[in-house]
file structure.cif (mmCIF, C-alpha atoms)
data_coords
loop_
_atom_site.group_PDB
_atom_site.id
_atom_site.type_symbol
_atom_site.label_atom_id
_atom_site.label_comp_id
_atom_site.auth_asym_id
_atom_site.auth_seq_id
_atom_site.Cartn_x
_atom_site.Cartn_y
_atom_site.Cartn_z
ATOM 1 C CA MET N 17 47.370 76.643 186.151
ATOM 2 C CA ALA N 18 50.389 75.247 184.322
ATOM 3 C CA THR N 19 53.613 73.528 185.275
ATOM 4 C CA LEU N 20 56.379 75.846 184.092
ATOM 5 C CA GLY N 21 60.147 75.879 184.417
ATOM 6 C CA PHE N 22 62.655 78.564 185.321
ATOM 7 C CA LEU N 23 66.441 78.449 184.915
ATOM 8 C CA GLY N 24 68.618 81.066 186.594
ATOM 9 C CA LEU N 25 67.718 82.677 189.917
ATOM 10 C CA GLY N 26 69.878 85.783 189.986
ATOM 11 C CA ILE N 27 68.954 89.432 190.481
ATOM 12 C CA MET N 28 66.342 89.245 187.719
ATOM 13 C CA GLY N 29 65.472 85.553 187.554
ATOM 14 C CA LEU N 30 64.570 85.043 191.193
ATOM 15 C CA PRO N 31 61.772 87.639 191.344
ATOM 16 C CA MET N 32 60.566 86.583 187.885
ATOM 17 C CA ALA N 33 60.229 82.976 189.025
ATOM 18 C CA ARG N 34 58.600 84.084 192.253
ATOM 19 C CA ASN N 35 55.982 86.068 190.320
ATOM 20 C CA LEU N 36 55.104 82.971 188.274
ATOM 21 C CA LEU N 37 54.680 81.028 191.504
ATOM 22 C CA ARG N 38 52.527 83.717 193.080
ATOM 23 C CA ALA N 39 50.312 83.678 189.987
ATOM 24 C CA GLY N 40 49.443 80.114 190.966
ATOM 25 C CA HIS N 41 51.669 78.134 188.602
ATOM 26 C CA LYS N 42 53.813 75.226 189.643
ATOM 27 C CA VAL N 43 57.396 76.068 188.669
ATOM 28 C CA ALA N 44 60.303 73.640 188.405
ATOM 29 C CA VAL N 45 63.384 75.696 189.300
ATOM 30 C CA TRP N 46 67.110 75.333 188.769
ATOM 31 C CA SER N 47 70.079 77.575 189.495
ATOM 32 C CA HIS N 48 73.809 77.119 189.020
ATOM 33 C CA ASP N 49 73.963 78.081 192.701
ATOM 34 C CA ILE N 50 71.726 75.342 194.097
ATOM 35 C CA SER N 51 71.267 77.181 197.394
ATOM 36 C CA LYS N 52 69.143 79.788 195.610
ATOM 37 C CA ALA N 53 66.804 77.106 194.240
ATOM 38 C CA GLN N 54 66.668 75.371 197.615
ATOM 39 C CA LYS N 55 65.739 78.615 199.357
ATOM 40 C CA LEU N 56 62.974 79.372 196.848
ATOM 41 C CA ALA N 57 61.585 75.839 197.211
ATOM 42 C CA ARG N 58 61.455 76.284 200.992
ATOM 43 C CA GLU N 59 59.650 79.598 200.685
ATOM 44 C CA GLU N 60 57.146 78.768 197.924
ATOM 45 C CA ALA N 61 54.990 75.643 198.115
ATOM 46 C CA ASN N 62 54.575 75.356 194.338
ATOM 47 C CA ALA N 63 58.309 75.527 193.589
ATOM 48 C CA ILE N 64 59.757 72.185 192.491
ATOM 49 C CA LEU N 65 63.476 71.796 193.212
ATOM 50 C CA THR N 66 65.415 70.124 190.379
ATOM 51 C CA ALA N 67 69.009 69.058 189.906
ATOM 52 C CA THR N 68 69.512 69.927 186.216
ATOM 53 C CA PRO N 69 68.025 72.016 183.389
ATOM 54 C CA ALA N 70 67.000 68.736 181.739
ATOM 55 C CA ALA N 71 64.976 67.827 184.823
ATOM 56 C CA VAL N 72 63.226 71.201 184.639
ATOM 57 C CA ALA N 73 62.328 70.608 181.001
ATOM 58 C CA GLU N 74 61.002 67.110 181.704
ATOM 59 C CA GLN N 75 58.315 68.582 183.948
ATOM 60 C CA ALA N 76 57.396 71.837 182.193
ATOM 61 C CA GLU N 77 55.273 72.751 179.202
ATOM 62 C CA CYS N 78 57.032 76.122 178.995
ATOM 63 C CA VAL N 79 60.560 76.774 180.253
ATOM 64 C CA PHE N 80 61.923 80.256 180.961
ATOM 65 C CA SER N 81 65.597 81.086 181.335
ATOM 66 C CA CYS N 82 67.413 84.163 182.608
ATOM 67 C CA VAL N 83 71.196 83.768 182.723
ATOM 68 C CA GLY N 84 74.132 86.094 182.259
ATOM 69 C CA THR N 85 76.008 85.286 179.060
ATOM 70 C CA SER N 86 75.748 83.546 175.692
ATOM 71 C CA ALA N 87 77.992 80.747 176.970
ATOM 72 C CA MET N 88 75.756 80.231 179.993
ATOM 73 C CA SER N 89 72.660 80.131 177.786
ATOM 74 C CA GLU N 90 74.237 77.620 175.418
ATOM 75 C CA SER N 91 75.258 75.466 178.381
ATOM 76 C CA VAL N 92 71.834 75.310 180.050
ATOM 77 C CA MET N 93 70.063 74.823 176.720
ATOM 78 C CA LEU N 94 72.366 72.516 174.767
ATOM 79 C CA GLY N 95 75.007 71.207 177.148
ATOM 80 C CA PRO N 96 75.095 67.962 179.137
ATOM 81 C CA ASP N 97 71.857 67.687 181.146
ATOM 82 C CA GLY N 98 70.607 70.737 179.243
ATOM 83 C CA VAL N 99 67.036 71.611 178.355
ATOM 84 C CA ILE N 100 67.303 69.916 174.963
ATOM 85 C CA GLU N 101 67.865 66.572 176.702
ATOM 86 C CA GLY N 102 64.693 66.786 178.788
ATOM 87 C CA ALA N 103 62.168 68.737 176.738
ATOM 88 C CA LYS N 104 59.390 66.866 174.981
ATOM 89 C CA PRO N 105 58.377 67.752 171.400
ATOM 90 C CA GLY N 106 56.036 70.726 171.534
ATOM 91 C CA THR N 107 57.638 72.238 174.644
ATOM 92 C CA VAL N 108 58.160 76.008 174.451
ATOM 93 C CA VAL N 109 61.476 77.420 175.668
ATOM 94 C CA ALA N 110 61.672 81.195 176.171
ATOM 95 C CA ASP N 111 65.106 82.656 176.886
ATOM 96 C CA ALA N 112 64.800 85.999 178.686
ATOM 97 C CA SER N 113 68.588 86.365 178.819
ATOM 98 C CA THR N 114 70.338 89.117 176.872
ATOM 99 C CA VAL N 115 72.719 87.102 174.711
ATOM 100 C CA SER N 116 74.215 87.167 171.228
ATOM 101 C CA PRO N 117 71.537 87.025 168.500
ATOM 102 C CA ALA N 118 73.739 84.622 166.544
ATOM 103 C CA SER N 119 74.090 82.322 169.549
ATOM 104 C CA SER N 120 70.347 82.466 170.175
ATOM 105 C CA ARG N 121 69.552 81.595 166.557
ATOM 106 C CA ASN N 122 71.871 78.604 166.818
ATOM 107 C CA ILE N 123 70.111 77.419 169.967
ATOM 108 C CA GLY N 124 66.741 77.877 168.279
ATOM 109 C CA ALA N 125 67.800 75.837 165.244
ATOM 110 C CA ARG N 126 69.075 73.012 167.449
ATOM 111 C CA MET N 127 65.812 73.051 169.398
ATOM 112 C CA ALA N 128 63.718 73.080 166.232
ATOM 113 C CA ALA N 129 65.464 69.934 165.038
ATOM 114 C CA GLN N 130 64.027 68.225 168.135
ATOM 115 C CA ARG N 131 60.577 69.808 167.541
ATOM 116 C CA ILE N 132 61.023 72.125 170.523
ATOM 117 C CA HIS N 133 59.774 75.705 170.090
ATOM 118 C CA PHE N 134 62.271 78.424 171.009
ATOM 119 C CA LEU N 135 61.693 82.136 171.627
ATOM 120 C CA ASP N 136 64.282 84.811 172.333
ATOM 121 C CA ALA N 137 62.528 87.020 174.881
ATOM 122 C CA PRO N 138 64.941 89.470 176.528
ATOM 123 C CA CYS N 139 63.410 91.861 179.014
ATOM 124 C CA THR N 140 64.102 95.303 180.383
ATOM 125 C CA GLY N 141 63.162 96.959 183.656
ATOM 126 C CA SER N 142 66.073 95.964 185.904
ATOM 127 C CA LYS N 143 65.566 94.631 189.408
ATOM 128 C CA PRO N 144 62.594 96.894 190.296
ATOM 129 C CA GLY N 145 60.752 95.777 187.151
ATOM 130 C CA ALA N 146 61.414 92.118 187.913
ATOM 131 C CA GLU N 147 60.254 92.514 191.510
ATOM 132 C CA GLY N 148 57.203 94.586 190.587
ATOM 133 C CA ALA N 149 56.177 92.415 187.611
ATOM 134 C CA THR N 150 56.428 95.419 185.285
ATOM 135 C CA LEU N 151 59.079 94.162 182.865
ATOM 136 C CA THR N 152 59.003 94.883 179.143
ATOM 137 C CA PHE N 153 59.656 91.868 176.904
ATOM 138 C CA MET N 154 60.944 91.957 173.327
ATOM 139 C CA VAL N 155 60.198 88.661 171.606
ATOM 140 C CA GLY N 156 61.595 86.929 168.536
ATOM 141 C CA GLY N 157 60.474 83.638 167.042
ATOM 142 C CA ASP N 158 57.186 82.155 165.828
ATOM 143 C CA LYS N 159 54.383 84.607 166.646
ATOM 144 C CA ALA N 160 51.796 81.846 166.987
ATOM 145 C CA VAL N 161 53.971 80.180 169.615
ATOM 146 C CA PHE N 162 54.397 83.448 171.490
ATOM 147 C CA ASP N 163 50.669 84.143 171.365
ATOM 148 C CA ARG N 164 50.021 80.707 172.862
ATOM 149 C CA VAL N 165 52.354 81.172 175.833
ATOM 150 C CA ARG N 166 51.878 84.910 176.353
ATOM 151 C CA PRO N 167 49.651 84.261 179.408
ATOM 152 C CA TYR N 168 52.697 82.735 181.103
ATOM 153 C CA PHE N 169 54.674 85.934 180.481
ATOM 154 C CA GLU N 170 51.985 88.177 181.930
ATOM 155 C CA PRO N 171 52.697 87.559 185.655
ATOM 156 C CA MET N 172 56.206 88.921 185.011
ATOM 157 C CA GLY N 173 55.621 91.980 182.835
ATOM 158 C CA LYS N 174 53.352 94.693 181.494
ATOM 159 C CA GLN N 175 54.602 95.393 177.968
ATOM 160 C CA PHE N 176 55.135 92.766 175.266
ATOM 161 C CA TYR N 177 56.559 93.524 171.830
ATOM 162 C CA TYR N 178 56.703 90.893 169.122
ATOM 163 C CA CYS N 179 59.719 91.947 167.045
ATOM 164 C CA GLY N 180 59.879 89.306 164.300
ATOM 165 C CA GLY N 181 61.665 86.041 163.607
ATOM 166 C CA PRO N 182 64.480 84.338 165.531
ATOM 167 C CA GLY N 183 66.928 86.741 167.174
ATOM 168 C CA MET N 184 64.844 89.854 166.537
ATOM 169 C CA GLY N 185 63.879 90.317 170.163
ATOM 170 C CA LEU N 186 67.577 90.403 170.996
ATOM 171 C CA GLU N 187 68.361 92.878 168.209
ATOM 172 C CA ALA N 188 65.723 95.191 169.721
ATOM 173 C CA LYS N 189 67.062 94.690 173.248
ATOM 174 C CA LEU N 190 70.649 95.465 172.243
ATOM 175 C CA THR N 191 69.473 98.650 170.521
ATOM 176 C CA GLN N 192 67.627 99.681 173.666
ATOM 177 C CA ASN N 193 70.638 99.005 175.859
ATOM 178 C CA LEU N 194 73.192 100.765 173.669
ATOM 179 C CA THR N 195 70.913 103.835 173.725
ATOM 180 C CA LEU N 196 70.549 103.613 177.493
ATOM 181 C CA ALA N 197 74.284 103.166 178.059
ATOM 182 C CA SER N 198 75.198 106.148 175.879
ATOM 183 C CA MET N 199 72.571 108.297 177.617
ATOM 184 C CA LEU N 200 74.124 107.345 180.954
ATOM 185 C CA MET N 201 77.559 108.423 179.737
ATOM 186 C CA ALA N 202 76.164 111.799 178.604
ATOM 187 C CA PHE N 203 74.462 112.242 181.984
ATOM 188 C CA ASN N 204 77.690 111.354 183.807
ATOM 189 C CA GLU N 205 79.670 113.884 181.795
ATOM 190 C CA GLY N 206 77.095 116.637 182.264
ATOM 191 C CA MET N 207 76.827 116.126 186.015
ATOM 192 C CA VAL N 208 80.605 116.077 186.493
ATOM 193 C CA LEU N 209 80.918 119.242 184.397
ATOM 194 C CA ALA N 210 78.189 121.087 186.308
ATOM 195 C CA THR N 211 79.460 119.978 189.720
ATOM 196 C CA LYS N 212 83.048 120.966 188.903
ATOM 197 C CA ALA N 213 81.760 124.381 187.802
ATOM 198 C CA GLY N 214 79.959 124.834 191.127
ATOM 199 C CA VAL N 215 76.329 124.039 190.247
ATOM 200 C CA ASP N 216 74.457 122.196 193.011
ATOM 201 C CA PRO N 217 74.041 118.627 191.670
ATOM 202 C CA ALA N 218 70.482 118.351 193.012
ATOM 203 C CA LEU N 219 69.589 121.605 191.258
ATOM 204 C CA MET N 220 71.161 120.338 188.043
ATOM 205 C CA VAL N 221 69.070 117.156 188.199
ATOM 206 C CA GLU N 222 65.926 119.241 188.741
ATOM 207 C CA ILE N 223 66.790 121.350 185.700
ATOM 208 C CA LEU N 224 67.339 118.233 183.576
ATOM 209 C CA ASN N 225 64.039 116.761 184.757
ATOM 210 C CA ASN N 226 62.229 119.898 183.630
ATOM 211 C CA SER N 227 63.890 120.280 180.250
ATOM 212 C CA ALA N 228 64.050 118.552 176.900
ATOM 213 C CA ALA N 229 66.845 116.418 178.413
ATOM 214 C CA LYS N 230 64.374 114.761 180.781
ATOM 215 C CA SER N 231 64.520 110.974 180.664
ATOM 216 C CA GLY N 232 63.434 108.010 182.700
ATOM 217 C CA LEU N 233 67.101 107.115 183.091
ATOM 218 C CA VAL N 234 67.983 110.460 184.694
ATOM 219 C CA SER N 235 64.936 110.382 186.958
ATOM 220 C CA PHE N 236 65.713 106.861 188.149
ATOM 221 C CA LYS N 237 69.502 106.894 188.451
ATOM 222 C CA ALA N 238 70.188 110.435 189.689
ATOM 223 C CA PRO N 239 68.917 109.916 193.263
ATOM 224 C CA TYR N 240 71.155 106.873 193.666
ATOM 225 C CA ILE N 241 74.204 108.827 192.496
ATOM 226 C CA LEU N 242 73.458 111.767 194.772
ATOM 227 C CA LYS N 243 73.087 109.376 197.749
ATOM 228 C CA ARG N 244 76.253 107.492 196.643
ATOM 229 C CA ASP N 245 74.212 104.298 196.620
ATOM 230 C CA PHE N 246 75.605 101.968 193.950
ATOM 231 C CA THR N 247 73.657 98.888 195.030
ATOM 232 C CA THR N 248 73.114 96.791 191.940
ATOM 233 C CA ASN N 249 69.901 97.067 189.968
ATOM 234 C CA PHE N 250 71.749 96.396 186.694
ATOM 235 C CA SER N 251 75.471 95.843 186.969
ATOM 236 C CA THR N 252 78.270 97.591 185.128
ATOM 237 C CA LYS N 253 79.640 94.269 183.834
ATOM 238 C CA TRP N 254 76.319 93.165 182.326
ATOM 239 C CA MET N 255 75.760 96.464 180.536
ATOM 240 C CA ALA N 256 79.335 96.335 179.245
ATOM 241 C CA LYS N 257 78.582 92.861 177.907
ATOM 242 C CA ASP N 258 75.404 94.068 176.168
ATOM 243 C CA VAL N 259 77.110 97.085 174.589
ATOM 244 C CA GLY N 260 79.851 94.776 173.342
ATOM 245 C CA MET N 261 77.270 92.508 171.718
ATOM 246 C CA ALA N 262 75.637 95.519 170.042
ATOM 247 C CA LEU N 263 79.020 96.397 168.550
ATOM 248 C CA ASP N 264 79.477 92.796 167.411
ATOM 249 C CA SER N 265 76.076 92.867 165.706
ATOM 250 C CA ALA N 266 76.962 96.170 164.047
ATOM 251 C CA ARG N 267 80.261 94.769 162.748
ATOM 252 C CA GLN N 268 78.438 91.839 161.200
ATOM 253 C CA MET N 269 76.180 94.294 159.337
ATOM 254 C CA HIS N 270 79.045 96.722 158.518
ATOM 255 C CA ILE N 271 77.442 99.540 160.532
ATOM 256 C CA PRO N 272 79.636 102.143 162.316
ATOM 257 C CA LEU N 273 78.639 102.938 165.905
ATOM 258 C CA PRO N 274 81.283 105.471 167.013
ATOM 259 C CA LEU N 275 79.491 106.764 170.123
ATOM 260 C CA THR N 276 78.757 103.229 171.265
ATOM 261 C CA ALA N 277 82.429 102.313 170.902
ATOM 262 C CA VAL N 278 83.433 105.152 173.257
ATOM 263 C CA THR N 279 80.662 104.164 175.656
ATOM 264 C CA GLN N 280 81.996 100.623 175.775
ATOM 265 C CA GLN N 281 85.478 101.899 176.625
ATOM 266 C CA MET N 282 84.076 103.959 179.514
ATOM 267 C CA PHE N 283 82.336 100.884 180.859
ATOM 268 C CA GLN N 284 85.601 98.957 180.524
ATOM 269 C CA ALA N 285 87.349 101.716 182.460
ATOM 270 C CA ALA N 286 84.788 101.355 185.251
ATOM 271 C CA ILE N 287 85.353 97.594 185.327
ATOM 272 C CA ALA N 288 89.122 98.163 185.496
ATOM 273 C CA GLU N 289 88.554 100.451 188.484
ATOM 274 C CA GLY N 290 86.707 97.664 190.318
ATOM 275 C CA TYR N 291 83.074 98.652 189.710
ATOM 276 C CA ALA N 292 82.044 95.592 187.665
ATOM 277 C CA ASP N 293 79.520 94.275 190.196
ATOM 278 C CA GLU N 294 78.152 97.663 191.253
ATOM 279 C CA ASP N 295 75.184 99.273 189.547
ATOM 280 C CA MET N 296 75.970 100.739 186.150
ATOM 281 C CA CYS N 297 75.510 104.262 187.512
ATOM 282 C CA SER N 298 78.815 103.688 189.345
ATOM 283 C CA THR N 299 80.482 104.462 186.002
ATOM 284 C CA ILE N 300 80.272 108.135 187.000
ATOM 285 C CA LYS N 301 83.076 107.496 189.485
ATOM 286 C CA VAL N 302 85.580 107.137 186.646
ATOM 287 C CA LEU N 303 84.920 110.703 185.457
ATOM 288 C CA GLU N 304 84.756 111.978 189.038
ATOM 289 C CA GLU N 305 88.226 110.624 189.701
ATOM 290 C CA TRP N 306 89.588 112.198 186.528
ATOM 291 C CA ALA N 307 87.954 115.554 187.335
ATOM 292 C CA GLY N 308 88.691 115.551 191.056
ATOM 293 C CA VAL N 309 85.081 116.115 192.020
ATOM 294 C CA LYS N 310 82.238 114.080 193.534
ATOM 295 C CA VAL N 311 78.608 114.376 192.428
ATOM 296 C CA THR N 312 76.720 114.139 195.708
ATOM 297 C CA GLN N 313 73.878 115.670 197.682
ATOM 298 C CA GLN N 314 75.048 118.961 199.173
ATOM 299 C CA SER N 315 74.274 119.543 202.837
#

call {"tool": "encode", "arguments": {"input": "structure.cif", "output": "structure tokens"}}
result
Amino acid sequence: MATLGFLGLGIMGLPMARNLLRAGHKVAVWSHDISKAQKLAREEANAILTATPAAVAEQAECVFSCVGTSAMSESVMLGPDGVIEGAKPGTVVADASTVSPASSRNIGARMAAQRIHFLDAPCTGSKPGAEGATLTFMVGGDKAVFDRVRPYFEPMGKQFYYCGGPGMGLEAKLTQNLTLASMLMAFNEGMVLATKAGVDPALMVEILNNSAAKSGLVSFKAPYILKRDFTTNFSTKWMAKDVGMALDSARQMHIPLPLTAVTQQMFQAAIAEGYADEDMCSTIKVLEEWAGVKVTQQS
């Protein structure tokens, strides 16, 4: 068993770190909210409480990170007391955060100058995937490095896709998320339309699930909407951030993404209405308010 590191113990990071611990690894842990790291260290004997990302890196042969934004990633990697200050040459750092590809490439170049290996390794599967160790990882960087540390990924996920050089895992993840976000908007519109017309929402979901429109997104999110349960599996604000980064990447490559631009505005509308920290399926409430209808389980 190895001594690993984990930075960021939020909705995704906490269960990911816990799965590494339950696989038998020692894991040095750090969180911006120290109470989360303290709680994990009390609950898991092999968790090593640390004060800084640098202290995590000093102890670990492979460091994982899962934080919210590009700025957060740059801070824990390159800032004062960051990973770069504690990691030894040959250490592998795998960032599972969904951040800007350009920012990630910059971090990787700075790490490489110190002979530290860096992988961008964003994951998908939301909270249930993190808790159930069924995440899908999309990896960019040196394939030989990924192959060497892949066994450390395996307690956290089931599918692993090597996508190419630095930043390519993130380019794949942003593509996946822009597709998912636009599918959610189409589902929201269809369900509001059908409900306003008088179709039973549960019946409409059953029809969708038995048609060419069937999708994992519809199957997973529809029951939450019908129950009016917007508990966060993947928040509105984080998906809005990811869609915005996809648009930024497209601008850099001079690619038009008109549907994605509208999708981003709908997510911004949901944030303006106060749904930023709710699950992204709460975006349906914007259309419901405009249409004067609620998509819910009929008695």

call {"tool": "residues_around", "arguments": {"input": "structure.cif", "residues": "N:Phe153", "least_positions_apart": "2", "cutoff": "7 Å", "atoms": "all atoms listed in the file", "output": "list in words"}}
result
Ala137, Pro138, Cys139, Thr140, Leu151, Val155, Gln175, Phe176 and Tyr177 of chain N

call {"tool": "resolve_selection", "arguments": {"input": "structure.cif", "expression": "the PyMOL selection byres ((chain N and resi 188) around 12)", "output": "PyMOL selection string"}}
result
chain N and resi 114-117+136-140+152-156+177-187+189-195+258+262+265

call {"tool": "write_last_selection", "arguments": {"input": "structure.cif", "atoms": "C-alpha atoms", "output": "short mmCIF file (atom, residue, chain, number, x, y, z; two decimals), in the coordinates of the input"}}
result
data_model
loop_
_atom_site.label_atom_id
_atom_site.label_comp_id
_atom_site.auth_asym_id
_atom_site.auth_seq_id
_atom_site.Cartn_x
_atom_site.Cartn_y
_atom_site.Cartn_z
CA THR N 114 70.34 89.12 176.87
CA VAL N 115 72.72 87.10 174.71
CA SER N 116 74.22 87.17 171.23
CA PRO N 117 71.54 87.02 168.50
CA ASP N 136 64.28 84.81 172.33
CA ALA N 137 62.53 87.02 174.88
CA PRO N 138 64.94 89.47 176.53
CA CYS N 139 63.41 91.86 179.01
CA THR N 140 64.10 95.30 180.38
CA THR N 152 59.00 94.88 179.14
CA PHE N 153 59.66 91.87 176.90
CA MET N 154 60.94 91.96 173.33
CA VAL N 155 60.20 88.66 171.61
CA GLY N 156 61.60 86.93 168.54
CA TYR N 177 56.56 93.52 171.83
CA TYR N 178 56.70 90.89 169.12
CA CYS N 179 59.72 91.95 167.04
CA GLY N 180 59.88 89.31 164.30
CA GLY N 181 61.66 86.04 163.61
CA PRO N 182 64.48 84.34 165.53
CA GLY N 183 66.93 86.74 167.17
CA MET N 184 64.84 89.85 166.54
CA GLY N 185 63.88 90.32 170.16
CA LEU N 186 67.58 90.40 171.00
CA GLU N 187 68.36 92.88 168.21
CA LYS N 189 67.06 94.69 173.25
CA LEU N 190 70.65 95.46 172.24
CA THR N 191 69.47 98.65 170.52
CA GLN N 192 67.63 99.68 173.67
CA ASN N 193 70.64 99.00 175.86
CA LEU N 194 73.19 100.76 173.67
CA THR N 195 70.91 103.84 173.72
CA ASP N 258 75.40 94.07 176.17
CA ALA N 262 75.64 95.52 170.04
CA SER N 265 76.08 92.87 165.71
#

call {"tool": "closest_residue", "arguments": {"input": "structure.cif", "among": "N:Ile300, N:Met88, N:Leu263, N:Ala71", "to": "N:Thr312", "atoms": "only C-alpha atoms"}}
result
N:Ile300

call {"tool": "closest_atom_pairs", "arguments": {"input": "structure.cif", "of": "stretch 104-212 of chain N", "to": "stretch 36-59 of chain N", "cutoff": "10 Å", "atoms": "only C-alpha atoms", "output": "JSON lines"}}
result
{"residue": "N:Ala149", "atom": "CA", "partner": "N:Leu36", "partner_atom": "CA", "distance": 9.5}
{"residue": "N:Tyr168", "atom": "CA", "partner": "N:Leu36", "partner_atom": "CA", "distance": 7.6}
{"residue": "N:Phe169", "atom": "CA", "partner": "N:Leu36", "partner_atom": "CA", "distance": 8.3}
{"residue": "N:Glu170", "atom": "CA", "partner": "N:Leu36", "partner_atom": "CA", "distance": 8.8}
{"residue": "N:Pro171", "atom": "CA", "partner": "N:Leu36", "partner_atom": "CA", "distance": 5.8}
{"residue": "N:Met172", "atom": "CA", "partner": "N:Leu36", "partner_atom": "CA", "distance": 6.9}

call {"tool": "axis_aligned_box", "arguments": {"input": "structure.cif", "around": "stretch 261-266 of chain N", "padding_each_side": "5 Å", "output": "AutoDock Vina command-line options"}}
result
--center_x 77.6 --center_y 94.5 --center_z 167.9 --size_x 13.8 --size_y 13.9 --size_z 17.7

call {"tool": "residues_near_point", "arguments": {"input": "structure.cif", "point": "(75.5, 118.1, 195.9)", "cutoff": "6 Å", "atoms": "only C-alpha atoms", "output": "VMD selection string"}}
result
chain N and resid 216 to 218 311 to 314

call {"tool": "atom_distance", "arguments": {"input": "structure.cif", "atom1": "atom CA of N:Leu20", "atom2": "atom CA of N:Val92"}}
result
16.0 Å

call {"tool": "resolve_selection", "arguments": {"input": "structure.cif", "expression": "the PyMOL selection byres ((chain N and resi 73-81) around 6)", "output": "list in words"}}
result
Thr19, Leu20, Gly21, Phe22, Leu23, Ala70, Ala71, Val72, Cys82, Val99, Gly102, Ala103, Thr107, Val108, Val109, Ala110, Asp111 and Ala112 of chain N

call {"tool": "residues_near_point", "arguments": {"input": "structure.cif", "point": "(64.7, 117.0, 186.0)", "cutoff": "12 Å", "atoms": "all atoms listed in the file", "output": "PyMOL selection string"}}
result
chain N and resi 203+217-239

call {"tool": "atom_distance", "arguments": {"input": "structure.cif", "atom1": "atom CA of N:Ser198", "atom2": "atom CA of N:Ala277"}}
result
9.6 Å

call {"tool": "closest_residue", "arguments": {"input": "structure.cif", "among": "N:Met127, N:Leu65, N:Met282, N:Ala146", "to": "N:Met28", "atoms": "all atoms listed in the file"}}
result
N:Ala146
